[in-house]
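Enquirer: I'd like to ask you about the structure that follows.
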Amino acid sequence: MDDLFAPSDVSWTPVSPKLAAVRRLNAGITAGVAGVVLLIVLGMTVGWLYGVLALLVAAAGFVWAWVLIGRNQRSWRYAEREDELLVSHGIMFRELVVVPYGRMQFVDVAAGPLERAYGIATVELHTATPATDAKIPGLHPDEAGRLRDRLSALGQAQAWGL
């Protein structure tokens, strides 16, 4: 990935490909429920042809989401530097969040039911300024725990000077 604003001397760590599988499953469930509801409601009120067309539109939306979710998953990455954590993601609109360790207030690790089933978790960093909050989805639970412990320790060690 050719980031114009990211440091070149950084060793980036990508997130797990399982993130795409979880998001695709979630999109499939959403598109399926929406398609069936539209089929029934439109079929009973306007006509079954419109219901079937709505179901086809929901299926096309799912196919489009499938492609975009894969591209989005491949864009997520993070890097640990001496004084800060870098998190980068996005395809068309790239975002680079730099979180100084000394500014972190707390670090969360979360995993919903689908994430737990696929063996991934999300690390979320909270700072005093919401604009510098960051999250890293799609991490293996062991890596998420290691990152949480390391970031908490570094944040506490570097916050003493504030």
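Please note that chains go A, B, ... in the order of the structure tokens, that every chain numbers its residues from 1, and that ligands are numbered from 1 in the order shown.
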Which residues come within 10 Å of stretch 81-87 of chain A, counting only C-alpha atoms, excluding same-chain residues fewer than 4 positions away, as a list in words?

Expert: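 In the requested form, the answer reads Ala6, Pro7, Asp9, Val10, Ser11, Trp12, Thr13, Trp76, Arg77, Glu95, Leu96, Val97, Val98, Val99, Pro100, Tyr101, Gly102, Arg103, Met104, Leu125, Ala134, Lys135, Ile136, Leu151, Leu154, Gly155 and Gln158 of chain A.
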
Enquirer: For the selection just defined, write its residues with C-alpha atoms to a file, as a PDB file, in the first residue's frame.

Expert:
ATOM      1  CA  ALA A   6       2.737   7.137   6.548  1.00  0.00           C
ATOM      2  CA  PRO A   7       6.328   6.803   7.743  1.00  0.00           C
ATOM      3  CA  ASP A   9      10.552   3.133   8.269  1.00  0.00           C
ATOM      4  CA  VAL A  10       7.629   1.339   9.926  1.00  0.00           C
ATOM      5  CA  SER A  11       7.026  -2.401   9.953  1.00  0.00           C
ATOM      6  CA  TRP A  12       3.261  -2.779   9.512  1.00  0.00           C
ATOM      7  CA  THR A  13       1.284  -5.711  10.944  1.00  0.00           C
ATOM      8  CA  TRP A  76      -6.300  -2.496   8.082  1.00  0.00           C
ATOM      9  CA  ARG A  77      -2.821  -2.535   9.642  1.00  0.00           C
ATOM     10  CA  GLU A  95      -6.815   7.239   7.504  1.00  0.00           C
ATOM     11  CA  LEU A  96      -3.711   7.167   9.667  1.00  0.00           C
ATOM     12  CA  VAL A  97      -4.239   7.560  13.407  1.00  0.00           C
ATOM     13  CA  VAL A  98      -1.175   8.171  15.564  1.00  0.00           C
ATOM     14  CA  VAL A  99      -1.785   7.547  19.264  1.00  0.00           C
ATOM     15  CA  PRO A 100       1.051   8.580  21.605  1.00  0.00           C
ATOM     16  CA  TYR A 101       1.375   6.025  24.404  1.00  0.00           C
ATOM     17  CA  GLY A 102       1.400   8.755  27.052  1.00  0.00           C
ATOM     18  CA  ARG A 103      -2.015  10.066  25.909  1.00  0.00           C
ATOM     19  CA  MET A 104      -3.859   6.749  26.271  1.00  0.00           C
ATOM     20  CA  LEU A 125      -7.647   2.691  22.463  1.00  0.00           C
ATOM     21  CA  ALA A 134      -8.272   4.190  17.534  1.00  0.00           C
ATOM     22  CA  LYS A 135      -9.433   0.628  17.097  1.00  0.00           C
ATOM     23  CA  ILE A 136      -7.798  -2.396  15.559  1.00  0.00           C
ATOM     24  CA  LEU A 151      -0.096  -0.565  25.466  1.00  0.00           C
ATOM     25  CA  LEU A 154       3.604   1.838  27.970  1.00  0.00           C
ATOM     26  CA  GLY A 155       0.754   4.297  28.506  1.00  0.00           C
ATOM     27  CA  GLN A 158       4.868   7.486  29.710  1.00  0.00           C
TER      28      GLN A 158
END

Enquirer: Give one line per residue of stretch 49-148 of chain A that approaches stretch 40-45 of chain A to at most 10 Å, naming the two atoms of the closest pair and their distance in Å to one decimal, counting only C-alpha atoms; sort by chain then ascending residue number and deliver it as a tab-separated table.

Expert:
residue	atom	partner	partner_atom	distance
A:Leu49	CA	A:Gly43	CA	7.0
A:Tyr50	CA	A:Leu42	CA	6.1
A:Gly51	CA	A:Gly43	CA	4.7
A:Val52	CA	A:Gly43	CA	7.7
A:Leu53	CA	A:Leu42	CA	9.5
A:Ala54	CA	A:Leu42	CA	8.1
A:Leu55	CA	A:Ile40	CA	9.7

Enquirer: Keeping only all heavy atoms, write the selected residues to a file as a compact mmCIF listing (two decimals), in the first residue's frame.

Expert:
# COMPACT_ATOMS: atom_id res chain seq x y z
N LEU A 49 -44.03 -9.53 -8.13
CA LEU A 49 -42.93 -9.17 -9.03
C LEU A 49 -42.02 -8.14 -8.38
O LEU A 49 -40.80 -8.25 -8.45
CB LEU A 49 -43.49 -8.65 -10.36
CG LEU A 49 -42.42 -8.22 -11.39
CD1 LEU A 49 -41.54 -9.40 -11.76
CD2 LEU A 49 -43.07 -7.62 -12.61
N TYR A 50 -42.62 -7.13 -7.74
CA TYR A 50 -41.81 -6.12 -7.05
C TYR A 50 -41.07 -6.71 -5.85
O TYR A 50 -39.96 -6.31 -5.53
CB TYR A 50 -42.70 -4.95 -6.60
CG TYR A 50 -43.22 -4.14 -7.75
CD1 TYR A 50 -44.55 -4.26 -8.14
CD2 TYR A 50 -42.39 -3.29 -8.45
CE1 TYR A 50 -45.04 -3.54 -9.21
CE2 TYR A 50 -42.86 -2.56 -9.53
CZ TYR A 50 -44.18 -2.69 -9.90
OH TYR A 50 -44.65 -1.96 -10.96
N GLY A 51 -41.70 -7.65 -5.19
CA GLY A 51 -41.03 -8.34 -4.09
C GLY A 51 -39.81 -9.11 -4.55
O GLY A 51 -38.75 -9.07 -3.92
N VAL A 52 -39.94 -9.82 -5.68
CA VAL A 52 -38.81 -10.57 -6.23
C VAL A 52 -37.70 -9.61 -6.69
O VAL A 52 -36.52 -9.87 -6.49
CB VAL A 52 -39.28 -11.49 -7.38
CG1 VAL A 52 -38.11 -12.10 -8.11
CG2 VAL A 52 -40.19 -12.58 -6.84
N LEU A 53 -38.10 -8.48 -7.30
CA LEU A 53 -37.10 -7.48 -7.71
C LEU A 53 -36.35 -6.93 -6.50
O LEU A 53 -35.14 -6.73 -6.55
CB LEU A 53 -37.77 -6.35 -8.50
CG LEU A 53 -38.21 -6.71 -9.91
CD1 LEU A 53 -38.97 -5.54 -10.53
CD2 LEU A 53 -37.02 -7.09 -10.76
N ALA A 54 -37.06 -6.68 -5.41
CA ALA A 54 -36.42 -6.19 -4.19
C ALA A 54 -35.45 -7.23 -3.64
O ALA A 54 -34.35 -6.89 -3.16
CB ALA A 54 -37.47 -5.84 -3.15
N LEU A 55 -35.81 -8.50 -3.72
CA LEU A 55 -34.93 -9.57 -3.27
C LEU A 55 -33.67 -9.62 -4.13
O LEU A 55 -32.55 -9.81 -3.62
CB LEU A 55 -35.68 -10.91 -3.32
CG LEU A 55 -34.96 -12.12 -2.75
CD1 LEU A 55 -34.68 -11.93 -1.27
CD2 LEU A 55 -35.77 -13.38 -2.98

Enquirer: Measuring between only C-alpha atoms, which one of A:Leu147, A:Val67, A:Leu114, A:Ala157 shows the shortest distance to A:Leu25?

Expert: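 Looking at the shortest contact to A:Leu25, the residue is A:Leu114.
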
Enquirer: With distances taken over only C-alpha atoms, which of A:Gly119, A:Gly32, A:Gly70, A:Gly112 is nearest to A:Val57?

Expert: A:Gly32

Enquirer: As a PyMOL selection string, which residues of stretch 37-160 of chain A does DSSP assign to strand (DSSP E or B)?

Expert: chain A and resi 77-80+84-89+95-100+104-110+121-127+134-139

Enquirer: Run DSSP on the backbone and grab whatever in stretch 66-151 of chain A lands in helix (DSSP H, G or I); send it over as a tab-separated table (two decimals) with all heavy atoms, in the first residue's frame.

Expert:
chain	number	residue	atom	x	y	z
A	66	TRP	N	-19.63	-7.85	-0.54
A	66	TRP	CA	-18.63	-8.92	-0.44
A	66	TRP	C	-17.27	-8.43	-0.95
A	66	TRP	O	-16.25	-8.63	-0.30
A	66	TRP	CB	-19.11	-10.12	-1.26
A	66	TRP	CG	-18.21	-11.31	-1.21
A	66	TRP	CD1	-17.07	-11.53	-1.93
A	66	TRP	CD2	-18.36	-12.46	-0.37
A	66	TRP	NE1	-16.52	-12.74	-1.62
A	66	TRP	CE2	-17.29	-13.34	-0.66
A	66	TRP	CE3	-19.30	-12.84	0.56
A	66	TRP	CZ2	-17.13	-14.55	-0.01
A	66	TRP	CZ3	-19.15	-14.06	1.19
A	66	TRP	CH2	-18.07	-14.90	0.91
A	67	VAL	N	-17.28	-7.78	-2.10
A	67	VAL	CA	-16.04	-7.27	-2.69
A	67	VAL	C	-15.44	-6.16	-1.83
A	67	VAL	O	-14.25	-6.16	-1.53
A	67	VAL	CB	-16.29	-6.78	-4.13
A	67	VAL	CG1	-15.06	-6.11	-4.71
A	67	VAL	CG2	-16.73	-7.94	-5.01
A	68	LEU	N	-16.27	-5.21	-1.42
A	68	LEU	CA	-15.78	-4.08	-0.63
A	68	LEU	C	-15.25	-4.51	0.73
A	68	LEU	O	-14.25	-3.96	1.21
A	68	LEU	CB	-16.88	-3.04	-0.46
A	68	LEU	CG	-17.32	-2.31	-1.72
A	68	LEU	CD1	-18.42	-1.31	-1.39
A	68	LEU	CD2	-16.15	-1.63	-2.39
A	69	ILE	N	-15.87	-5.48	1.34
A	69	ILE	CA	-15.43	-5.96	2.66
A	69	ILE	C	-14.03	-6.57	2.55
A	69	ILE	O	-13.18	-6.34	3.41
A	69	ILE	CB	-16.44	-6.96	3.25
A	69	ILE	CG1	-17.70	-6.20	3.69
A	69	ILE	CG2	-15.84	-7.75	4.39
A	69	ILE	CD1	-18.87	-7.10	4.04
A	70	GLY	N	-13.77	-7.33	1.51
A	70	GLY	CA	-12.44	-7.91	1.33
A	70	GLY	C	-11.37	-6.84	1.14
A	70	GLY	O	-10.29	-6.93	1.72
A	71	ARG	N	-11.68	-5.83	0.35
A	71	ARG	CA	-10.72	-4.74	0.15
A	71	ARG	C	-10.49	-3.98	1.45
A	71	ARG	O	-9.36	-3.61	1.77
A	71	ARG	CB	-11.22	-3.79	-0.94
A	71	ARG	CG	-11.20	-4.42	-2.32
A	71	ARG	CD	-11.51	-3.44	-3.38
A	71	ARG	NE	-10.41	-2.46	-3.44
A	71	ARG	CZ	-10.53	-1.27	-4.01
A	71	ARG	NH1	-11.66	-0.89	-4.53
A	71	ARG	NH2	-9.50	-0.45	-4.03
A	72	ASN	N	-11.56	-3.74	2.20
A	72	ASN	CA	-11.43	-3.00	3.45
A	72	ASN	C	-10.59	-3.78	4.46
A	72	ASN	O	-9.75	-3.21	5.15
A	72	ASN	CB	-12.81	-2.68	4.03
A	72	ASN	CG	-12.70	-1.91	5.32
A	72	ASN	OD1	-12.65	-2.50	6.39
A	72	ASN	ND2	-12.66	-0.59	5.21
A	73	GLN	N	-10.81	-5.08	4.55
A	73	GLN	CA	-10.05	-5.90	5.51
A	73	GLN	C	-8.56	-5.84	5.20
A	73	GLN	O	-7.74	-5.75	6.10
A	73	GLN	CB	-10.55	-7.34	5.47
A	73	GLN	CG	-9.80	-8.30	6.37
A	73	GLN	CD	-8.58	-8.91	5.71
A	73	GLN	OE1	-8.59	-9.24	4.53
A	73	GLN	NE2	-7.52	-9.06	6.46
A	74	ARG	N	-8.20	-5.88	3.93
A	74	ARG	CA	-6.79	-5.85	3.56
A	74	ARG	C	-6.13	-4.51	3.83
A	74	ARG	O	-4.91	-4.42	3.89
A	74	ARG	CB	-6.63	-6.24	2.09
A	74	ARG	CG	-6.91	-7.72	1.84
A	74	ARG	CD	-6.56	-8.13	0.41
A	74	ARG	NE	-7.34	-7.43	-0.60
A	74	ARG	CZ	-8.53	-7.81	-1.03
A	74	ARG	NH1	-9.10	-8.88	-0.52
A	74	ARG	NH2	-9.17	-7.12	-1.96
A	75	SER	N	-6.93	-3.47	4.03
A	75	SER	CA	-6.35	-2.14	4.27
A	75	SER	C	-6.00	-1.91	5.74
A	75	SER	O	-5.24	-1.00	6.05
A	75	SER	CB	-7.32	-1.05	3.80
A	75	SER	OG	-8.40	-0.90	4.70
A	101	TYR	N	1.64	6.90	23.26
A	101	TYR	CA	1.37	6.03	24.40
A	101	TYR	C	1.02	6.82	25.65
A	101	TYR	O	0.17	6.41	26.44
A	101	TYR	CB	2.59	5.13	24.69
A	101	TYR	CG	2.91	4.17	23.57
A	101	TYR	CD1	4.21	4.01	23.13
A	101	TYR	CD2	1.92	3.42	22.97
A	101	TYR	CE1	4.52	3.13	22.11
A	101	TYR	CE2	2.21	2.52	21.95
A	101	TYR	CZ	3.52	2.39	21.53
A	101	TYR	OH	3.82	1.51	20.53
A	102	GLY	N	1.65	7.96	25.86
A	102	GLY	CA	1.40	8.76	27.05
A	102	GLY	C	0.02	9.39	27.09
A	102	GLY	O	-0.42	9.85	28.14
A	103	ARG	N	-0.69	9.45	25.97
A	103	ARG	CA	-2.01	10.07	25.91
A	103	ARG	C	-3.15	9.06	26.10
A	103	ARG	O	-4.30	9.45	26.23
A	103	ARG	CB	-2.21	10.77	24.56
A	103	ARG	CG	-1.16	11.78	24.22
A	103	ARG	CD	-1.21	12.99	25.08
A	103	ARG	NE	-2.39	13.76	24.72
A	103	ARG	CZ	-2.83	14.79	25.41
A	103	ARG	NH1	-2.21	15.16	26.48
A	103	ARG	NH2	-3.89	15.43	25.02
A	113	PRO	N	-20.33	-12.12	19.50
A	113	PRO	CA	-20.54	-13.56	19.31
A	113	PRO	C	-19.92	-14.10	18.01
A	113	PRO	O	-19.31	-15.17	18.02
A	113	PRO	CB	-22.05	-13.73	19.30
A	113	PRO	CG	-22.64	-12.43	19.65
A	113	PRO	CD	-21.57	-11.39	19.66
A	114	LEU	N	-20.07	-13.35	16.91
A	114	LEU	CA	-19.48	-13.83	15.65
A	114	LEU	C	-17.96	-13.76	15.71
A	114	LEU	O	-17.28	-14.66	15.21
A	114	LEU	CB	-19.99	-13.00	14.47
A	114	LEU	CG	-21.43	-13.23	14.05
A	114	LEU	CD1	-21.82	-12.30	12.92
A	114	LEU	CD2	-21.64	-14.68	13.64
A	115	GLU	N	-17.43	-12.71	16.31
A	115	GLU	CA	-15.97	-12.60	16.43
A	115	GLU	C	-15.41	-13.73	17.29
A	115	GLU	O	-14.38	-14.32	16.95
A	115	GLU	CB	-15.59	-11.24	17.03
A	115	GLU	CG	-15.84	-10.07	16.11
A	115	GLU	CD	-15.57	-8.75	16.76
A	115	GLU	OE1	-15.94	-8.58	17.95
A	115	GLU	OE2	-14.98	-7.88	16.10
A	116	ARG	N	-16.08	-14.03	18.38
A	116	ARG	CA	-15.62	-15.14	19.23
A	116	ARG	C	-15.68	-16.46	18.48
A	116	ARG	O	-14.79	-17.30	18.60
A	116	ARG	CB	-16.46	-15.22	20.51
A	116	ARG	CG	-16.12	-14.14	21.51
A	116	ARG	CD	-16.70	-14.41	22.89
A	116	ARG	NE	-18.12	-14.77	22.89
A	116	ARG	CZ	-19.12	-13.92	22.97
A	116	ARG	NH1	-18.89	-12.64	23.03
A	116	ARG	NH2	-20.36	-14.35	22.98
A	117	ALA	N	-16.73	-16.67	17.68
A	117	ALA	CA	-16.86	-17.91	16.91
A	117	ALA	C	-15.72	-18.05	15.89
A	117	ALA	O	-15.28	-19.16	15.61
A	117	ALA	CB	-18.21	-17.96	16.21
A	118	TYR	N	-15.26	-16.94	15.36
A	118	TYR	CA	-14.18	-16.97	14.37
A	118	TYR	C	-12.80	-16.78	15.00
A	118	TYR	O	-11.80	-16.80	14.29
A	118	TYR	CB	-14.42	-15.90	13.30
A	118	TYR	CG	-15.36	-16.35	12.22
A	118	TYR	CD1	-16.73	-16.32	12.40
A	118	TYR	CD2	-14.88	-16.83	11.01
A	118	TYR	CE1	-17.60	-16.74	11.43
A	118	TYR	CE2	-15.74	-17.26	10.02
A	118	TYR	CZ	-17.10	-17.21	10.23
A	118	TYR	OH	-17.96	-17.64	9.24
A	130	PRO	N	-11.45	12.39	21.65
A	130	PRO	CA	-12.06	11.33	20.84
A	130	PRO	C	-11.49	11.25	19.42
A	130	PRO	O	-11.54	10.20	18.80
A	130	PRO	CB	-13.54	11.70	20.81
A	130	PRO	CG	-13.75	12.54	22.02
A	130	PRO	CD	-12.46	13.27	22.23
A	131	ALA	N	-10.96	12.34	18.90
A	131	ALA	CA	-10.41	12.33	17.54
A	131	ALA	C	-9.19	11.42	17.43
A	131	ALA	O	-8.87	10.94	16.34
A	131	ALA	CB	-10.05	13.74	17.10
A	132	THR	N	-8.49	11.18	18.53
A	132	THR	CA	-7.31	10.33	18.48
A	132	THR	C	-7.58	8.93	19.00
A	132	THR	O	-6.65	8.16	19.18
A	132	THR	CB	-6.13	10.96	19.26
A	132	THR	OG1	-6.54	11.17	20.62
A	132	THR	CG2	-5.69	12.24	18.62
A	141	PRO	N	-7.12	-13.39	19.58
A	141	PRO	CA	-7.29	-13.03	20.99
A	141	PRO	C	-5.98	-12.96	21.78
A	141	PRO	O	-5.83	-12.09	22.64
A	141	PRO	CB	-8.20	-14.13	21.54
A	141	PRO	CG	-8.98	-14.59	20.36
A	141	PRO	CD	-8.04	-14.46	19.18
A	142	ASP	N	-5.03	-13.83	21.47
A	142	ASP	CA	-3.74	-13.78	22.17
A	142	ASP	C	-2.98	-12.49	21.82
A	142	ASP	O	-2.40	-11.84	22.69
A	142	ASP	CB	-2.88	-14.99	21.82
A	142	ASP	CG	-3.45	-16.29	22.34
A	142	ASP	OD1	-4.27	-16.24	23.29
A	142	ASP	OD2	-3.11	-17.35	21.79
A	143	GLU	N	-3.00	-12.11	20.54
A	143	GLU	CA	-2.36	-10.87	20.11
A	143	GLU	C	-3.08	-9.66	20.69
A	143	GLU	O	-2.44	-8.69	21.09
A	143	GLU	CB	-2.32	-10.79	18.58
A	143	GLU	CG	-1.83	-9.48	18.02
A	143	GLU	CD	-0.37	-9.15	18.35
A	143	GLU	OE1	0.35	-9.99	18.90
A	143	GLU	OE2	0.02	-8.01	18.05
A	144	ALA	N	-4.41	-9.72	20.76
A	144	ALA	CA	-5.18	-8.61	21.35
A	144	ALA	C	-4.83	-8.44	22.82
A	144	ALA	O	-4.65	-7.32	23.30
A	144	ALA	CB	-6.67	-8.85	21.16
A	145	GLY	N	-4.73	-9.54	23.55
A	145	GLY	CA	-4.35	-9.47	24.96
A	145	GLY	C	-2.94	-8.95	25.15
A	145	GLY	O	-2.67	-8.14	26.04
A	146	ARG	N	-2.01	-9.43	24.31
A	146	ARG	CA	-0.62	-8.97	24.40
A	146	ARG	C	-0.54	-7.47	24.11
A	146	ARG	O	0.11	-6.71	24.82
A	146	ARG	CB	0.26	-9.71	23.40
A	146	ARG	CG	1.74	-9.29	23.47
A	146	ARG	CD	2.50	-9.60	22.19
A	146	ARG	NE	2.08	-8.82	21.05
A	146	ARG	CZ	2.48	-7.56	20.80
A	146	ARG	NH1	3.27	-6.92	21.63
A	146	ARG	NH2	2.07	-6.94	19.71
A	147	LEU	N	-1.27	-7.04	23.07
A	147	LEU	CA	-1.26	-5.62	22.69
A	147	LEU	C	-1.89	-4.77	23.79
A	147	LEU	O	-1.37	-3.70	24.14
A	147	LEU	CB	-1.99	-5.44	21.37
A	147	LEU	CG	-1.81	-4.12	20.64
A	147	LEU	CD1	-0.34	-3.86	20.33
A	147	LEU	CD2	-2.61	-4.12	19.36
A	148	ARG	N	-2.99	-5.24	24.37
A	148	ARG	CA	-3.62	-4.51	25.47
A	148	ARG	C	-2.66	-4.34	26.64
A	148	ARG	O	-2.49	-3.23	27.17
A	148	ARG	CB	-4.88	-5.24	25.94
A	148	ARG	CG	-5.57	-4.55	27.12
A	148	ARG	CD	-6.46	-5.49	27.89
A	148	ARG	NE	-5.67	-6.59	28.42
A	148	ARG	CZ	-6.08	-7.86	28.44
A	148	ARG	NH1	-7.24	-8.20	27.96
A	148	ARG	NH2	-5.30	-8.79	28.93
A	149	ASP	N	-2.00	-5.42	27.05
A	149	ASP	CA	-1.08	-5.34	28.18
A	149	ASP	C	0.11	-4.44	27.87
A	149	ASP	O	0.51	-3.63	28.71
A	149	ASP	CB	-0.59	-6.74	28.55
A	149	ASP	CG	-1.71	-7.63	29.08
A	149	ASP	OD1	-2.76	-7.07	29.47
A	149	ASP	OD2	-1.53	-8.86	29.09
A	150	ARG	N	0.65	-4.56	26.68
A	150	ARG	CA	1.81	-3.74	26.31
A	150	ARG	C	1.45	-2.26	26.23
A	150	ARG	O	2.16	-1.41	26.74
A	150	ARG	CB	2.37	-4.21	24.96
A	150	ARG	CG	3.64	-3.47	24.53
A	150	ARG	CD	4.17	-4.03	23.22
A	150	ARG	NE	5.46	-3.56	22.82
A	150	ARG	CZ	5.81	-2.31	22.57
A	150	ARG	NH1	4.95	-1.35	22.73
A	150	ARG	NH2	7.03	-2.00	22.18
A	151	LEU	N	0.31	-1.96	25.59
A	151	LEU	CA	-0.10	-0.57	25.47
A	151	LEU	C	-0.45	0.04	26.82
A	151	LEU	O	-0.14	1.21	27.08
A	151	LEU	CB	-1.28	-0.44	24.50
A	151	LEU	CG	-1.00	-0.81	23.05
A	151	LEU	CD1	-2.28	-0.76	22.23
A	151	LEU	CD2	0.07	0.07	22.45

Enquirer: For a test of reading the model, state the distance in Å between atom CA of A:Val107 and atom CA of A:Ile120, rounded to one decimal.

Expert: 16.4 Å
